[in-house]
file start_12.cif (mmCIF, C-alpha atoms)
data_run
#
loop_
_atom_site.label_atom_id
_atom_site.label_comp_id
_atom_site.auth_asym_id
_atom_site.auth_seq_id
_atom_site.Cartn_x
_atom_site.Cartn_y
_atom_site.Cartn_z
CA MET W 1 116.97 -178.88 -58.15
CA LYS W 2 119.80 -178.62 -60.68
CA ASN W 3 117.51 -180.02 -63.37
CA LEU W 4 114.86 -177.43 -62.53
CA ILE W 5 117.43 -174.63 -62.79
CA LYS W 6 118.58 -175.96 -66.18
CA ILE W 7 115.01 -176.12 -67.49
CA THR W 8 114.25 -172.60 -66.22
CA PHE W 9 117.42 -171.24 -67.85
CA ALA W 10 116.61 -172.98 -71.14
CA ILE W 11 113.11 -171.49 -71.19
CA PHE W 12 114.53 -168.03 -70.40
CA ALA W 13 117.14 -168.33 -73.17
CA PHE W 14 114.53 -169.50 -75.69
CA THR W 15 112.30 -166.56 -74.73
CA LEU W 16 115.14 -164.11 -75.32
CA LEU W 17 115.94 -165.71 -78.68
CA PHE W 18 112.27 -165.62 -79.78
CA THR W 19 111.96 -161.98 -78.71
CA ALA W 20 115.11 -161.04 -80.61
CA CYS W 21 113.91 -162.82 -83.76
CA SER W 22 110.49 -161.19 -83.54
CA SER W 23 112.04 -157.77 -83.08
CA SER W 24 114.34 -158.36 -86.04
CA ASP W 25 111.38 -159.43 -88.21
CA ASP W 26 109.37 -156.36 -87.26
CA ASP W 27 112.24 -153.99 -88.00
CA SER W 28 113.14 -155.50 -91.38
CA PRO W 29 112.16 -153.38 -94.40
CA GLN W 30 109.04 -154.55 -96.21
CA PRO W 31 109.36 -155.38 -99.91
CA ASN W 32 108.24 -152.70 -102.33
CA GLN W 33 104.72 -153.59 -103.47
CA ILE W 34 104.34 -150.78 -106.03
CA ALA W 35 104.17 -152.19 -109.56
CA LYS W 36 106.66 -150.74 -111.99
CA GLU W 37 105.56 -148.76 -115.02
CA ILE W 38 104.15 -150.60 -118.03
CA THR W 39 105.88 -149.38 -121.17
CA VAL W 40 104.49 -148.63 -124.61
CA GLU W 41 106.64 -151.44 -125.99
CA GLU W 42 105.04 -153.92 -123.61
CA LEU W 43 101.52 -152.75 -124.39
CA GLN W 44 102.05 -153.37 -128.09
CA ASN W 45 102.02 -157.09 -127.24
CA TYR W 46 98.46 -156.86 -125.90
CA MET W 47 94.98 -155.72 -126.75
CA ILE W 48 92.05 -155.09 -124.45
CA VAL W 49 88.62 -156.43 -125.36
CA GLY W 50 85.66 -154.92 -123.56
CA GLU W 51 81.93 -155.57 -123.49
CA PHE W 52 79.68 -152.55 -123.12
CA LEU W 53 75.96 -152.49 -122.35
CA ALA W 54 73.45 -149.73 -122.86
CA LYS W 55 72.28 -148.20 -119.61
CA PRO W 56 68.69 -149.16 -118.69
CA GLU W 57 67.30 -145.78 -119.71
CA TYR W 58 68.72 -146.20 -123.25
CA GLN W 59 67.90 -149.86 -123.86
CA ASN W 60 64.75 -149.04 -125.83
CA GLN W 61 66.95 -147.37 -128.46
CA LEU W 62 70.14 -149.43 -128.15
CA GLY W 63 68.92 -152.86 -127.06
CA THR W 64 70.21 -155.15 -124.31
CA LYS W 65 72.97 -157.02 -126.18
CA PRO W 66 76.68 -156.30 -125.60
CA TYR W 67 78.78 -154.07 -127.82
CA LEU W 68 82.39 -155.23 -128.26
CA ILE W 69 85.32 -152.83 -128.45
CA ALA W 70 88.94 -153.92 -129.03
CA THR W 71 91.64 -151.46 -127.95
CA TYR W 72 95.23 -151.78 -129.19
CA LEU W 73 98.29 -149.68 -130.00
CA ALA W 74 99.37 -149.25 -133.62
CA GLU W 75 100.56 -146.77 -136.23
CA TYR W 76 98.12 -145.00 -138.51
CA ASN W 77 98.88 -144.79 -142.24
CA ASN W 78 102.56 -145.48 -141.50
CA ASP W 79 103.04 -141.97 -140.09
CA GLY W 80 105.57 -143.20 -137.52
CA LYS W 81 103.33 -142.30 -134.58
CA LEU W 82 101.54 -144.66 -132.22
CA TYR W 83 97.85 -144.38 -131.42
CA ALA W 84 95.42 -146.08 -129.07
CA PHE W 85 92.78 -147.52 -131.40
CA SER W 86 89.29 -148.49 -130.26
CA GLU W 87 87.48 -150.67 -132.79
CA GLY W 88 83.93 -151.98 -132.94
CA TRP W 89 81.35 -152.56 -135.64
CA PHE W 90 79.84 -149.13 -134.96
CA ALA W 91 82.97 -147.06 -134.36
CA SER W 92 86.67 -146.76 -135.09
CA VAL W 93 88.47 -144.02 -133.18
CA LEU W 94 92.09 -143.30 -132.35
CA TYR W 95 94.00 -141.36 -129.73
CA ASN W 96 97.50 -139.98 -130.33
CA LEU W 97 99.83 -141.39 -127.66
CA GLU W 98 102.29 -138.51 -127.80
CA GLN W 99 100.15 -135.42 -128.22
CA ASP W 100 97.33 -136.53 -125.96
CA GLU W 101 99.47 -138.12 -123.19
CA ALA W 102 97.48 -141.30 -123.61
CA ILE W 103 99.72 -143.35 -121.30
CA THR W 104 100.52 -142.10 -117.80
CA TYR W 105 101.98 -143.78 -114.71
CA ASP W 106 101.29 -143.13 -111.03
CA ALA W 107 104.35 -144.16 -108.99
CA THR W 108 102.37 -144.03 -105.74
CA THR W 109 99.81 -146.64 -106.83
CA GLY W 110 101.65 -148.59 -109.53
CA ILE W 111 98.80 -147.91 -111.96
CA THR W 112 99.50 -147.29 -115.64
CA LYS W 113 96.59 -145.51 -117.29
CA LEU W 114 95.83 -146.04 -120.98
CA LYS W 115 93.54 -143.35 -122.34
CA THR W 116 91.27 -143.74 -125.34
CA LYS W 117 88.88 -141.38 -127.08
CA TRP W 118 86.09 -142.08 -124.59
CA GLY W 119 87.88 -142.75 -121.31
CA TYR W 120 90.64 -144.96 -119.96
CA TYR W 121 91.76 -148.37 -118.71
CA GLU W 122 93.90 -148.95 -115.63
CA LEU W 123 96.65 -151.58 -115.78
CA THR W 124 99.14 -152.87 -113.25
CA ARG W 125 101.27 -155.96 -112.52
CA ASP W 126 100.44 -159.00 -110.43
CA ALA W 127 102.77 -160.72 -107.94
CA ASN W 128 104.54 -162.44 -110.84
CA GLU W 129 105.13 -159.13 -112.68
CA GLN W 130 102.55 -160.07 -115.30
CA ILE W 131 100.48 -157.23 -116.76
CA VAL W 132 96.83 -157.26 -115.71
CA VAL W 133 93.92 -154.93 -116.35
CA LYS W 134 92.43 -153.47 -113.19
CA GLY W 135 88.65 -153.26 -113.22
CA ASN W 136 86.58 -152.25 -116.22
CA PHE W 137 86.67 -149.29 -118.58
CA HIS W 138 86.32 -145.83 -117.04
CA PHE W 139 84.27 -143.36 -119.06
CA GLU W 140 85.23 -139.70 -119.04
CA ASP W 141 82.39 -137.28 -118.36
CA ASP W 142 81.89 -135.58 -121.70
CA PRO W 143 78.46 -134.06 -122.46
CA ASN W 144 79.47 -133.70 -126.11
CA ASN W 145 80.08 -137.44 -126.54
CA PRO W 146 76.94 -139.58 -126.09
CA ASN W 147 78.99 -142.78 -125.71
CA THR W 148 80.13 -141.58 -122.29
CA TYR W 149 76.62 -141.58 -120.87
CA TRP W 150 74.80 -144.14 -123.07
CA PHE W 151 76.92 -147.13 -122.05
CA THR W 152 78.40 -148.89 -119.07
CA SER W 153 81.42 -151.22 -119.09
CA SER W 154 80.33 -154.76 -118.16
CA TYR W 155 83.37 -157.00 -118.86
CA THR W 156 87.04 -156.41 -119.69
CA GLN W 157 89.78 -158.86 -120.69
CA LEU W 158 93.45 -158.34 -121.47
CA ILE W 159 94.55 -160.41 -124.48
CA LYS W 160 98.15 -161.42 -125.22
CA VAL W 161 98.74 -161.22 -128.97
CA ASP W 162 101.52 -162.95 -130.87
CA GLY W 163 101.94 -161.04 -134.13
CA GLN W 164 100.34 -163.77 -136.22
CA VAL W 165 97.68 -163.02 -138.85
CA TYR W 166 94.35 -164.64 -138.04
CA ASP W 167 92.25 -163.76 -141.06
CA ASN W 168 92.55 -165.90 -144.21
CA SER W 169 91.11 -168.75 -142.11
CA THR W 170 87.87 -170.61 -141.41
CA TYR W 171 86.02 -170.47 -138.09
CA LYS W 172 83.09 -172.50 -136.78
CA ALA W 173 80.51 -170.76 -134.59
CA VAL W 174 80.13 -172.55 -131.23
CA GLU W 175 78.19 -170.03 -129.12
CA ASN W 176 75.08 -167.94 -129.90
CA LEU W 177 75.00 -169.05 -133.55
CA THR W 178 75.61 -172.04 -135.80
CA GLY W 179 77.48 -171.88 -139.06
CA PHE W 180 80.85 -171.02 -140.54
CA TYR W 181 82.88 -167.88 -141.20
CA ARG W 182 85.55 -168.08 -143.87
CA PHE W 183 88.05 -165.36 -144.81
CA SER W 184 90.43 -165.01 -147.72
CA THR W 185 92.55 -161.97 -148.47
CA ASP W 186 90.10 -159.02 -148.45
CA PHE W 187 86.92 -161.13 -148.76
CA TRP W 188 84.74 -163.22 -146.47
CA ARG W 189 81.44 -165.03 -146.13
CA TYR W 190 79.21 -166.56 -143.49
CA LYS W 191 77.06 -169.62 -144.23
CA GLN W 192 74.89 -171.48 -141.78
CA ASP W 193 74.89 -174.95 -143.31
CA ALA W 194 78.34 -175.40 -144.85
CA VAL W 195 81.85 -173.96 -145.09
CA PRO W 196 81.79 -171.22 -147.76
CA THR W 197 83.54 -172.11 -151.00
CA ASP W 198 86.01 -169.91 -152.87
CA ALA W 199 83.18 -168.72 -155.10
CA ASP W 200 81.16 -167.67 -152.03
CA LEU W 201 83.81 -165.23 -150.80
CA THR W 202 82.39 -161.99 -152.18
CA TRP W 203 81.84 -159.82 -149.08
CA SER W 204 84.71 -157.40 -148.45
CA TYR W 205 86.37 -156.63 -145.12
CA TYR W 206 89.07 -154.29 -143.86
CA LEU W 207 91.99 -155.60 -141.80
CA ASN W 208 92.58 -152.88 -139.22
CA HIS W 209 95.00 -154.96 -137.13
CA ARG W 210 96.28 -158.54 -137.20
CA ASN W 211 93.66 -159.42 -134.60
CA VAL W 212 90.85 -157.01 -135.52
CA TRP W 213 88.99 -156.55 -138.78
CA THR W 214 85.59 -155.20 -139.84
CA GLY W 215 83.22 -155.74 -142.74
CA GLN W 216 79.64 -155.37 -143.87
CA ASP W 217 77.85 -158.50 -144.98
CA GLY W 218 76.11 -158.85 -148.31
CA GLY W 219 72.89 -160.28 -146.92
CA THR W 220 69.45 -158.73 -146.90
CA GLU W 221 70.06 -156.60 -143.80
CA GLN W 222 73.59 -155.45 -144.76
CA LEU W 223 74.81 -155.77 -141.17
CA TYR W 224 78.12 -154.40 -139.93
CA ASN W 225 80.52 -156.85 -138.30
CA ALA W 226 83.54 -156.60 -136.02
CA PHE W 227 85.84 -159.64 -135.95
CA ILE W 228 88.25 -160.00 -133.02
CA ALA W 229 90.74 -162.87 -133.16
CA ILE W 230 92.01 -164.18 -129.82
CA PRO W 231 95.10 -166.45 -129.89
CA LYS W 232 95.20 -169.81 -128.16
CA GLY W 233 95.99 -169.59 -124.46
CA ASN W 234 93.84 -166.54 -123.75
CA GLY W 235 90.30 -167.87 -124.09
CA TRP W 236 87.24 -165.74 -123.51
CA LYS W 237 85.60 -165.44 -120.11
CA GLY W 238 87.60 -168.42 -118.90
CA GLN W 239 86.61 -170.77 -121.73
CA HIS W 240 88.09 -171.96 -125.07
CA LYS W 241 91.69 -171.44 -123.89
CA ASP W 242 92.91 -174.40 -125.94
CA LYS W 243 91.73 -172.88 -129.25
CA ASP W 244 92.33 -169.90 -131.49
CA ILE W 245 88.96 -168.19 -131.34
CA LEU W 246 87.10 -165.43 -133.13
CA LEU W 247 84.57 -163.10 -131.52
CA VAL W 248 81.97 -161.69 -133.91
CA ASN W 249 79.83 -158.70 -132.96
CA THR W 250 77.18 -157.62 -135.45
CA GLY W 251 74.79 -154.70 -135.62
CA LYS W 252 73.23 -151.84 -137.49
CA THR W 253 71.81 -148.42 -136.61
CA MET W 254 73.10 -148.70 -133.03
CA THR W 255 71.36 -152.01 -132.33
CA THR W 256 73.69 -154.93 -131.73
CA GLY W 257 73.39 -158.71 -131.58
CA ASP W 258 74.87 -161.43 -129.37
CA VAL W 259 78.61 -161.93 -129.16
CA ILE W 260 79.26 -164.96 -131.36
CA VAL W 261 82.17 -167.17 -130.30
CA CYS W 262 83.87 -169.19 -133.05
CA GLU W 263 86.73 -171.68 -133.00
CA LYS W 264 89.36 -171.83 -135.72
CA MET W 265 89.10 -174.95 -137.88
#
call {"tool": "encode", "arguments": {"input": "start_12.cif", "output": "structure tokens"}}
result
Amino acid sequence: MKNLIKITFAIFAFTLLFTACSSSDDDSPQPNQIAKEITVEELQNYMIVGEFLAKPEYQNQLGTKPYLIATYLAEYNNDGKLYAFSEGWFASVLYNLEQDEAITYDATTGITKLKTKWGYYELTRDANEQIVVKGNFHFEDDPNNPNTYWFTSSYTQLIKVDGQVYDNSTYKAVENLTGFYRFSTDFWRYKQDAVPTDADLTWSYYLNHRNVWTGQDGGTEQLYNAFIAIPKGNGWKGQHKDKDILLVNTGKTMTTGDVIVCEKM
């Protein structure tokens, strides 16, 4: 009988303890899940690369291949002001960060919005406080700007940059093309069968950013090219993370080609 009383008392005591612990857990304040604001200084260490596709009703004019746009923050003509640049082979536009309130933060959602000339990206932080892009590009409704209704955003990737210069190098095409791209200071060349020599480097290009440059080729079609350098560790669509890579997007008269992926040699 005494043993039964002891067991009953032990069960009762354990029940009280469990109830107290559960009540304490329920009443404890939950950690704040709202991501803190992403600063301009932080964003200067990144660029956003997006793929855009023509909507079905415009594919007869614009084709079905992706258009690449790289968005980054930088000064323009050393005027001391920062802009959100959007660069592709067919366009180069900028958005004044100060005058146009290009970066805003919503403290209720933890979303930092980065505006560009055509719309905006949403960024936040993951559980490890790392900056991540949330979803794809959001177009603003603007009947005066055809880009806002011609295209849809199909893929978006945040790229961590490191301040290194990635032109003045040679890259080997590994996806959607074979051949070699070689760049010197101000000049470049593509050849399918061999690495271009010094004498081959006669096509000019413009270095807009350490990771983004543009240039027209000297071939028969005189195509426009956007070159987007992605440092090792980022990769593209989950691949090539162990290499410095170069994305090449080529087109003319609003018709674009495949995204060519190259690895640095």
call {"tool": "closest_residue", "arguments": {"input": "start_12.cif", "among": "W:Gln44, W:Ile159, W:Thr178, W:Phe85", "to": "W:Gly238", "atoms": "only C-alpha atoms"}}
result
W:Ile159
call {"tool": "closest_residue", "arguments": {"input": "start_12.cif", "among": "W:Gln157, W:Thr152, W:Ser86, W:Asn147", "to": "W:Asn234", "atoms": "all atoms listed in the file"}}
result
W:Gln157
call {"tool": "closest_residue", "arguments": {"input": "start_12.cif", "among": "W:Ile48, W:Lys243, W:Gly80, W:Ala194", "to": "W:Val133", "atoms": "all atoms listed in the file"}}
result
W:Ile48
call {"tool": "residues_around", "arguments": {"input": "start_12.cif", "residues": "W:Ala102", "least_positions_apart": "6", "cutoff": "10 Å", "atoms": "only C-alpha atoms", "output": "JSON, numbers by chain"}}
result
{"W": [83, 84, 95, 96, 113, 114, 115, 116, 117, 119, 120]}
call {"tool": "residues_around", "arguments": {"input": "start_12.cif", "residues": "W:Gly219", "least_positions_apart": "6", "cutoff": "10 Å", "atoms": "all atoms listed in the file", "output": "ChimeraX atom specification"}}
result
/W:189-190,203
call {"tool": "resolve_selection", "arguments": {"input": "start_12.cif", "expression": "the PyMOL selection byres ((chain W and resi 227) around 7)", "output": "list in words"}}
result
Val212, Trp213, Thr214, Asn225, Ala226, Ile228, Ala229, Leu246, Leu247, Val248 and Asn249 of chain W
call {"tool": "atom_distance", "arguments": {"input": "start_12.cif", "atom1": "atom CA of W:Asn168", "atom2": "atom CA of W:Asn208"}}
result
13.9 Å
call {"tool": "resolve_selection", "arguments": {"input": "start_12.cif", "expression": "the PyMOL selection byres ((chain W and resi 222) around 12)", "output": "JSON, numbers by chain"}}
result
{"W": [203, 204, 215, 216, 217, 218, 219, 220, 221, 223, 224, 225, 250, 251, 252, 253]}
call {"tool": "closest_residue", "arguments": {"input": "start_12.cif", "among": "W:Lys160, W:Lys65, W:Lys264, W:Lys172", "to": "W:Gly233", "atoms": "all atoms listed in the file"}}
result
W:Lys160
call {"tool": "closest_residue", "arguments": {"input": "start_12.cif", "among": "W:Asp193, W:Asp100, W:Glu122, W:Asp141", "to": "W:Leu158", "atoms": "only C-alpha atoms"}}
result
W:Glu122
call {"tool": "atom_distance", "arguments": {"input": "start_12.cif", "atom1": "atom CA of W:Asn77", "atom2": "atom CA of W:Lys232"}}
result
28.9 Å
call {"tool": "atom_distance", "arguments": {"input": "start_12.cif", "atom1": "atom CA of W:Lys134", "atom2": "atom CA of W:Ile230"}}
result
19.8 Å
call {"tool": "resolve_selection", "arguments": {"input": "start_12.cif", "expression": "the PyMOL selection byres ((chain W and resi 171) around 10)", "output": "ChimeraX atom specification"}}
result
/W:167,169-170,172-174,179-183,190,195,244-247,261-265
call {"tool": "closest_residue", "arguments": {"input": "start_12.cif", "among": "W:Thr39, W:Thr148, W:Ser154, W:Gln61", "to": "W:Thr104", "atoms": "all atoms listed in the file"}}
result
W:Thr39
call {"tool": "residues_around", "arguments": {"input": "start_12.cif", "residues": "W:Gln33", "least_positions_apart": "4", "cutoff": "12 Å", "atoms": "only C-alpha atoms", "output": "list in words"}}
result
Pro29, Ala107, Thr108, Thr109, Gly110, Ile111, Thr124, Arg125, Asp126, Ala127, Asn128 and Glu129 of chain W
call {"tool": "write_last_selection", "arguments": {"input": "start_12.cif", "atoms": "C-alpha atoms", "output": "PDB file, in the coordinates of the input"}}
result
ATOM      1  CA  PRO W  29     112.160-153.380 -94.400  1.00  0.00           C
ATOM      2  CA  ALA W 107     104.350-144.160-108.990  1.00  0.00           C
ATOM      3  CA  THR W 108     102.370-144.030-105.740  1.00  0.00           C
ATOM      4  CA  THR W 109      99.810-146.640-106.830  1.00  0.00           C
ATOM      5  CA  GLY W 110     101.650-148.590-109.530  1.00  0.00           C
ATOM      6  CA  ILE W 111      98.800-147.910-111.960  1.00  0.00           C
ATOM      7  CA  THR W 124      99.140-152.870-113.250  1.00  0.00           C
ATOM      8  CA  ARG W 125     101.270-155.960-112.520  1.00  0.00           C
ATOM      9  CA  ASP W 126     100.440-159.000-110.430  1.00  0.00           C
ATOM     10  CA  ALA W 127     102.770-160.720-107.940  1.00  0.00           C
ATOM     11  CA  ASN W 128     104.540-162.440-110.840  1.00  0.00           C
ATOM     12  CA  GLU W 129     105.130-159.130-112.680  1.00  0.00           C
TER      13      GLU W 129
END
call {"tool": "residues_near_point", "arguments": {"input": "start_12.cif", "point": "(82.9, -146.2, -119.3)", "cutoff": "6 Å", "atoms": "all atoms listed in the file", "output": "ChimeraX atom specification"}}
result
/W:137-139,152-153
call {"tool": "write_last_selection", "arguments": {"input": "start_12.cif", "atoms": "C-alpha atoms", "output": "compact mmCIF listing (two decimals), keeping the file's coordinate frame"}}
result
# COMPACT_ATOMS: atom_id res chain seq x y z
CA PHE W 137 86.67 -149.29 -118.58
CA HIS W 138 86.32 -145.83 -117.04
CA PHE W 139 84.27 -143.36 -119.06
CA THR W 152 78.40 -148.89 -119.07
CA SER W 153 81.42 -151.22 -119.09
